[in-house]
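Listing of work21.cif, mmCIF, C-alpha atoms
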```cif
data_my_file
loop_
_atom_site.label_atom_id
_atom_site.label_comp_id
_atom_site.auth_asym_id
_atom_site.auth_seq_id
_atom_site.Cartn_x
_atom_site.Cartn_y
_atom_site.Cartn_z
CA MET E 1 71.81 43.55 -6.25
CA THR E 2 71.28 39.98 -7.41
CA ALA E 3 71.31 39.20 -11.10
CA ARG E 4 68.23 37.30 -12.22
CA PHE E 5 70.00 35.44 -15.03
CA ALA E 6 73.26 33.47 -15.13
CA VAL E 7 75.72 32.60 -17.88
CA GLY E 8 74.17 30.01 -20.18
CA ASP E 9 70.55 30.97 -19.46
CA LYS E 10 68.26 31.06 -22.46
CA VAL E 11 66.39 34.34 -22.61
CA ARG E 12 64.12 36.29 -24.90
CA VAL E 13 64.20 40.05 -25.38
CA ARG E 14 60.88 41.69 -24.60
CA ARG E 15 58.98 42.94 -27.61
CA ALA E 16 58.10 46.52 -26.67
CA TYR E 17 58.32 49.83 -28.49
CA PRO E 18 58.06 52.62 -25.92
CA PRO E 19 59.00 56.19 -26.77
CA GLY E 20 61.99 57.70 -25.01
CA HIS E 21 65.67 56.88 -24.75
CA LEU E 22 66.57 53.23 -24.46
CA ARG E 23 69.50 50.95 -25.22
CA THR E 24 67.76 47.89 -26.62
CA PRO E 25 68.01 48.07 -30.41
CA CYS E 26 64.94 47.13 -32.45
CA PHE E 27 66.68 44.30 -34.25
CA ILE E 28 66.88 42.15 -31.11
CA ARG E 29 63.39 42.78 -29.71
CA GLY E 30 61.37 39.59 -29.50
CA LYS E 31 64.46 37.51 -30.35
CA PRO E 32 65.82 34.50 -28.43
CA GLY E 33 69.37 34.57 -27.10
CA ARG E 34 71.73 33.19 -24.49
CA VAL E 35 73.49 34.99 -21.64
CA THR E 36 77.27 34.83 -22.11
CA GLN E 37 78.34 37.27 -19.38
CA VAL E 38 76.87 39.03 -16.37
CA ILE E 39 78.58 42.40 -16.61
CA GLY E 40 77.35 44.10 -13.43
CA ALA E 41 74.71 46.53 -12.17
CA TYR E 42 74.48 50.06 -13.56
CA ALA E 43 72.26 53.09 -13.17
CA ASN E 44 69.41 52.78 -15.68
CA PRO E 45 70.21 54.88 -18.78
CA GLU E 46 66.48 55.13 -19.60
CA GLU E 47 66.18 57.29 -16.45
CA LEU E 48 69.59 59.00 -16.63
CA ALA E 49 68.59 60.28 -20.06
CA TYR E 50 65.98 62.51 -18.41
CA GLY E 51 68.23 63.84 -15.68
CA ARG E 52 67.10 61.41 -12.98
CA LYS E 53 69.26 59.16 -10.80
CA GLY E 54 68.62 55.88 -12.61
CA LEU E 55 68.04 53.91 -9.42
CA PRO E 56 67.60 51.10 -8.64
CA LYS E 57 70.57 49.92 -10.64
CA ARG E 58 69.86 47.30 -13.30
CA SER E 59 71.92 44.24 -14.13
CA LEU E 60 73.51 44.33 -17.55
CA TYR E 61 74.27 41.22 -19.61
CA TRP E 62 75.99 40.18 -22.77
CA VAL E 63 73.39 38.28 -24.74
CA GLN E 64 74.41 36.23 -27.74
CA PHE E 65 72.04 35.87 -30.70
CA ARG E 66 72.21 33.71 -33.79
CA GLN E 67 72.50 35.95 -36.84
CA THR E 68 69.97 33.75 -38.61
CA ASP E 69 67.48 34.56 -35.82
CA LEU E 70 68.08 38.30 -36.20
CA TRP E 71 67.97 38.62 -39.98
CA PRO E 72 65.60 36.54 -42.12
CA ASP E 73 67.80 37.07 -45.19
CA TYR E 74 71.14 36.47 -43.45
CA ALA E 75 73.63 35.19 -46.03
CA GLY E 76 76.64 34.48 -43.78
CA GLY E 77 77.61 31.32 -41.93
CA ALA E 78 74.92 29.37 -40.07
CA GLY E 79 77.00 29.53 -36.87
CA ASP E 80 77.51 33.32 -36.93
CA THR E 81 76.43 35.18 -33.81
CA ALA E 82 76.11 38.73 -32.50
CA VAL E 83 76.55 39.82 -28.87
CA VAL E 84 74.55 42.78 -27.57
CA ASP E 85 74.53 44.51 -24.15
CA VAL E 86 71.02 44.15 -22.73
CA TYR E 87 69.62 45.37 -19.41
CA GLU E 88 67.76 42.87 -17.24
CA HIS E 89 64.35 44.53 -17.46
CA TRP E 90 64.37 43.86 -21.20
CA LEU E 91 64.87 40.11 -20.73
CA GLU E 92 62.54 37.28 -19.82
CA PRO E 93 63.24 33.55 -19.49
CA ALA E 94 62.97 31.92 -22.93
CA ALA E 95 60.32 29.55 -21.55
CA ALA E 96 57.99 32.48 -20.86
CA ARG E 97 57.43 32.91 -24.56
CA THR E 98 53.74 33.28 -25.36
CA ARG E 99 53.75 34.07 -29.06
CA LYS E 100 56.14 33.86 -31.91
CA MET D 1 57.76 51.42 -33.76
CA ARG D 2 61.41 51.71 -34.61
CA ARG D 3 62.73 55.18 -33.86
CA HIS D 4 64.72 56.94 -36.57
CA HIS D 5 68.17 56.71 -34.94
CA ASP D 6 67.79 52.97 -34.28
CA MET D 7 69.27 52.00 -37.65
CA GLY D 8 70.80 48.59 -37.03
CA GLY D 9 70.23 46.39 -40.05
CA LEU D 10 69.14 49.09 -42.50
CA ALA D 11 70.99 49.53 -45.79
CA ALA D 12 73.60 52.24 -45.22
CA GLY D 13 76.22 52.02 -47.95
CA PRO D 14 79.98 51.75 -47.44
CA VAL D 15 81.69 52.97 -44.26
CA GLU D 16 83.89 56.06 -44.66
CA ILE D 17 87.20 54.94 -43.14
CA SER D 18 89.55 57.76 -44.16
CA GLU D 19 91.07 59.87 -41.36
CA HIS D 20 89.99 63.47 -41.09
CA ASP D 21 90.86 66.44 -38.90
CA TYR D 22 88.36 68.06 -36.61
CA ALA D 23 87.52 71.72 -37.15
CA PRO D 24 88.32 73.98 -34.18
CA TRP D 25 84.59 74.49 -33.47
CA GLU D 26 84.10 70.71 -33.29
CA LYS D 27 86.86 70.44 -30.68
CA ARG D 28 85.17 73.22 -28.73
CA VAL D 29 81.85 71.36 -28.76
CA ASP D 30 83.62 68.27 -27.44
CA ALA D 31 85.29 70.38 -24.73
CA ILE D 32 81.96 72.01 -23.76
CA MET D 33 80.38 68.57 -23.31
CA ARG D 34 83.29 67.37 -21.17
CA LEU D 35 83.19 70.46 -18.97
CA LEU D 36 79.40 70.31 -18.51
CA SER D 37 79.54 66.64 -17.52
CA ASP D 38 82.65 66.64 -15.31
CA ASN D 39 82.45 65.77 -11.63
CA LYS D 40 82.51 69.40 -10.59
CA ARG D 41 79.53 70.55 -12.68
CA ARG D 42 77.44 67.46 -13.52
CA LEU D 43 75.06 69.60 -15.57
CA LEU D 44 74.64 67.07 -18.36
CA ARG D 45 75.18 63.34 -18.73
CA VAL D 46 76.04 61.47 -21.89
CA ASP D 47 72.68 59.66 -21.62
CA GLU D 48 70.92 63.03 -21.77
CA LEU D 49 73.09 64.08 -24.71
CA ARG D 50 72.01 60.96 -26.58
CA ARG D 51 68.36 61.47 -25.69
CA GLY D 52 68.58 65.04 -27.00
CA ILE D 53 70.13 63.85 -30.26
CA GLU D 54 67.45 61.20 -30.72
CA ASP D 55 64.76 63.84 -30.11
CA LEU D 56 66.04 66.17 -32.85
CA GLY D 57 63.73 64.38 -35.29
CA PRO D 58 64.49 62.55 -38.55
CA GLY D 59 65.10 65.66 -40.71
CA ALA D 60 67.60 67.34 -38.41
CA TYR D 61 69.15 64.00 -37.49
CA ASP D 62 70.06 63.34 -41.12
CA GLN D 63 71.02 66.87 -42.12
CA LEU D 64 73.22 67.84 -39.19
CA SER D 65 76.80 66.66 -38.86
CA TYR D 66 77.98 64.71 -35.82
CA TYR D 67 79.03 67.69 -33.72
CA GLU D 68 76.14 69.82 -34.97
CA ARG D 69 73.89 67.17 -33.42
CA TRP D 70 75.88 67.39 -30.21
CA ILE D 71 75.65 71.17 -29.86
CA SER D 72 71.94 71.16 -30.79
CA SER D 73 71.22 68.57 -28.10
CA ILE D 74 73.42 70.33 -25.50
CA THR D 75 71.71 73.66 -26.20
CA ASN D 76 68.18 72.26 -25.93
CA ILE D 77 68.92 70.44 -22.68
CA LEU D 78 70.61 73.45 -21.07
CA ILE D 79 67.52 75.51 -21.92
CA GLU D 80 65.24 72.80 -20.49
CA LYS D 81 67.26 72.81 -17.27
CA GLY D 82 67.30 76.58 -16.98
CA VAL D 83 71.10 76.78 -17.18
CA ILE D 84 70.71 79.24 -20.05
CA THR D 85 67.64 81.07 -21.31
CA VAL D 86 66.39 81.43 -24.87
CA ASP D 87 66.72 85.20 -24.58
CA GLU D 88 70.32 84.99 -23.35
CA LEU D 89 71.22 82.62 -26.16
CA GLY D 90 69.55 84.75 -28.84
CA ARG D 91 71.45 87.83 -27.72
CA ALA D 92 74.77 85.97 -27.42
CA ILE D 93 74.44 84.60 -30.96
CA GLU D 94 73.73 88.09 -32.37
CA ASP D 95 76.68 89.51 -30.42
CA ALA D 96 78.95 86.80 -31.80
CA LYS D 97 77.76 87.52 -35.35
CA ALA D 98 78.38 91.25 -34.91
CA HIS D 99 81.81 90.54 -33.49
CA ARG D 100 82.64 88.39 -36.48
CA ARG D 101 81.44 91.05 -38.92
CA GLU D 102 83.79 93.54 -37.27
CA ALA D 103 86.72 91.13 -37.34
CA HIS D 104 86.06 90.02 -40.95
CA PRO D 105 84.27 92.86 -42.72
#
```

With the file now loaded, output its structure as structure tokens.
Amino acid sequence: MTARFAVGDKVRVRRAYPPGHLRTPCFIRGKPGRVTQVIGAYANPEELAYGRKGLPKRSLYWVQFRQTDLWPDYAGGAGDTAVVDVYEHWLEPAAARTRK
Amino acid sequence: MRRHHDMGGLAAGPVEISEHDYAPWEKRVDAIMRLLSDNKRRLLRVDELRRGIEDLGPGAYDQLSYYERWISSITNILIEKGVITVDELGRAIEDAKAHRREAHP
């Protein structure tokens, strides 16, 4: 399958709070980041968690976030970052942002 | 809403970094999970294990130890899938207790 995003792309994690098993931690939802690696396509764990096949496979990315974007009270260096594995269906282009 | 297990960023105190041995029953739980999920059986995937742990609820999630969470999740999912029945499990647990009482009166 073709990955929608490429290294360097600015993205935003979707802000959604569905029930069920998922791999997108709360602390990055709604946050802006940048793709640093396209890891590959994997069966979707949100489906595998319920005994299904997890198809179609979903592209997985490393997305880098600024710590100061993640934590309002962050006391470390201004250049500090965190990298999180995020599946494609949780990402949208940063330009698609509609509300803060 | 944030689900209970999704704890990134919450205050959690210091990390316990000392080494510790696993109890024999903990090794058995690990072995059970590996056997259930191997290529021959494929009865349970790690994603399902995690889902089952997350669904234990906040009380159990905090009170149970790591491998207690594992065996609770494994048990619930095997019942859901019909691999074991509640009746079978209830009887097996009582048998095991009786066996232990005989061995250690």

Using all atoms of stretch 10-14 of chain E that appear in the file, construct an axis-aligned enclosing box with 6 Å of padding on every side and provide its centre coordinates and edge lengths in Å, rounded to one decimal, as JSON.
```
{"center_x": 64.6, "center_y": 36.4, "center_z": -23.9, "size_x": 19.4, "size_y": 22.6, "size_z": 14.9}
```

Legend entry - Within 10 Å of chain D: residues of chain E, using all atoms listed in the file, as number ranges by chain: E: 16-28, 44-52, 70-71

Inset, instruction - Identify all residues satisfying the PyMOL selection byres ((chain D and resi 58-67) around 7) in the given file; provide them as a list in words. - result: His4, Glu26, Val29, Leu56, Gly57, Glu68, Arg69, Trp70 and Ile71 of chain D

Inset, instruction - For E:Phe65, please output as a PyMOL selection string all residues within 12 Å (counting only C-alpha atoms; exclusion window: fewer than 4 positions along the same chain). - result: chain E and resi 10-13+27-36+69-71+78-86

Inset, instruction - May I ask for the distance between atom CA of D:His99 and atom CA of D:Ser37, given in Å to one decimal place? - result: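 Straight-line distance from atom CA of D:His99 to atom CA of D:Ser37 works out to 28.8 Å.
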
Inset, instruction - Would you mind reading off the distance between atom CA of E:Arg58 and atom CA of E:Trp90, one decimal, in Å? - result: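 Computing it gives 10.2 Å between the two atoms.
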
Applied to the shown file, which residues does the PyMOL selection byres ((chain E and resi 5) around 9) return, written as a PDB file with C-alpha atoms, in the frame of the given file?
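out.pdb, written as the output of this step:
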```pdb
ATOM      1  CA  THR E   2      71.280  39.980  -7.410  1.00  0.00           C
ATOM      2  CA  ALA E   3      71.310  39.200 -11.100  1.00  0.00           C
ATOM      3  CA  ARG E   4      68.230  37.300 -12.220  1.00  0.00           C
ATOM      4  CA  ALA E   6      73.260  33.470 -15.130  1.00  0.00           C
ATOM      5  CA  VAL E   7      75.720  32.600 -17.880  1.00  0.00           C
ATOM      6  CA  GLY E   8      74.170  30.010 -20.180  1.00  0.00           C
ATOM      7  CA  ASP E   9      70.550  30.970 -19.460  1.00  0.00           C
ATOM      8  CA  LYS E  10      68.260  31.060 -22.460  1.00  0.00           C
ATOM      9  CA  VAL E  11      66.390  34.340 -22.610  1.00  0.00           C
ATOM     10  CA  VAL E  35      73.490  34.990 -21.640  1.00  0.00           C
ATOM     11  CA  VAL E  38      76.870  39.030 -16.370  1.00  0.00           C
ATOM     12  CA  TYR E  61      74.270  41.220 -19.610  1.00  0.00           C
ATOM     13  CA  GLU E  88      67.760  42.870 -17.240  1.00  0.00           C
ATOM     14  CA  LEU E  91      64.870  40.110 -20.730  1.00  0.00           C
ATOM     15  CA  PRO E  93      63.240  33.550 -19.490  1.00  0.00           C
TER      16      PRO E  93
END
```

Inset, instruction - Spell out the residues picked by the PyMOL selection byres ((chain E and resi 39) around 8) here, as a VMD selection string. - result: chain E and resid 37 to 38 40 to 41 59 to 62

Inset, instruction - Quote the spacing between atom CA of D:Arg41 and atom CA of D:Ala96 in Å to one decimal place. - result: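 Interatomic distance, atom CA of D:Arg41 to atom CA of D:Ala96: 25.1 Å.
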
Show me that you can extract stretch 68-86 of chain E, keeping N, CA and C atoms, and write it as a compact mmCIF listing (two decimals), in the first residue's frame.
```
# COMPACT_ATOMS: atom_id res chain seq x y z
N THR E 68 7.17 20.97 24.34
CA THR E 68 6.42 22.15 24.79
C THR E 68 5.01 22.18 24.18
N ASP E 69 4.81 21.45 23.06
CA ASP E 69 3.46 21.34 22.50
C ASP E 69 2.64 20.31 23.28
N LEU E 70 3.34 19.30 23.82
CA LEU E 70 2.62 18.20 24.50
C LEU E 70 2.23 18.56 25.93
N TRP E 71 3.11 19.29 26.60
CA TRP E 71 2.90 19.55 28.03
C TRP E 71 2.95 21.05 28.29
N PRO E 72 1.85 21.64 28.73
CA PRO E 72 1.82 23.10 28.94
C PRO E 72 2.83 23.55 29.99
N ASP E 73 3.14 22.66 30.95
CA ASP E 73 4.04 23.05 32.04
C ASP E 73 5.44 22.46 31.85
N TYR E 74 5.81 22.13 30.61
CA TYR E 74 7.09 21.47 30.38
C TYR E 74 8.25 22.35 30.83
N ALA E 75 9.13 21.78 31.67
CA ALA E 75 10.20 22.58 32.27
C ALA E 75 11.57 22.28 31.66
N GLY E 76 11.64 21.35 30.70
CA GLY E 76 12.93 21.01 30.09
C GLY E 76 13.32 21.99 28.99
N GLY E 77 14.27 21.57 28.17
CA GLY E 77 14.77 22.43 27.10
C GLY E 77 13.72 22.73 26.05
N ALA E 78 13.81 23.91 25.45
CA ALA E 78 12.82 24.33 24.45
C ALA E 78 12.89 23.47 23.20
N GLY E 79 14.07 22.85 22.95
CA GLY E 79 14.23 22.04 21.75
C GLY E 79 13.92 20.56 21.96
N ASP E 80 13.51 20.19 23.16
CA ASP E 80 13.24 18.77 23.46
C ASP E 80 12.07 18.25 22.65
N THR E 81 12.20 16.99 22.20
CA THR E 81 11.13 16.39 21.41
C THR E 81 10.79 15.00 21.93
N ALA E 82 9.69 14.47 21.47
CA ALA E 82 9.29 13.08 21.75
C ALA E 82 8.85 12.48 20.42
N VAL E 83 9.20 11.20 20.20
CA VAL E 83 8.80 10.51 18.98
C VAL E 83 7.83 9.39 19.35
N VAL E 84 6.69 9.35 18.69
CA VAL E 84 5.65 8.36 18.99
C VAL E 84 5.28 7.63 17.70
N ASP E 85 5.04 6.32 17.80
CA ASP E 85 4.52 5.54 16.66
C ASP E 85 3.04 5.89 16.48
N VAL E 86 2.66 6.31 15.29
CA VAL E 86 1.25 6.66 15.05
C VAL E 86 0.79 6.05 13.73
```
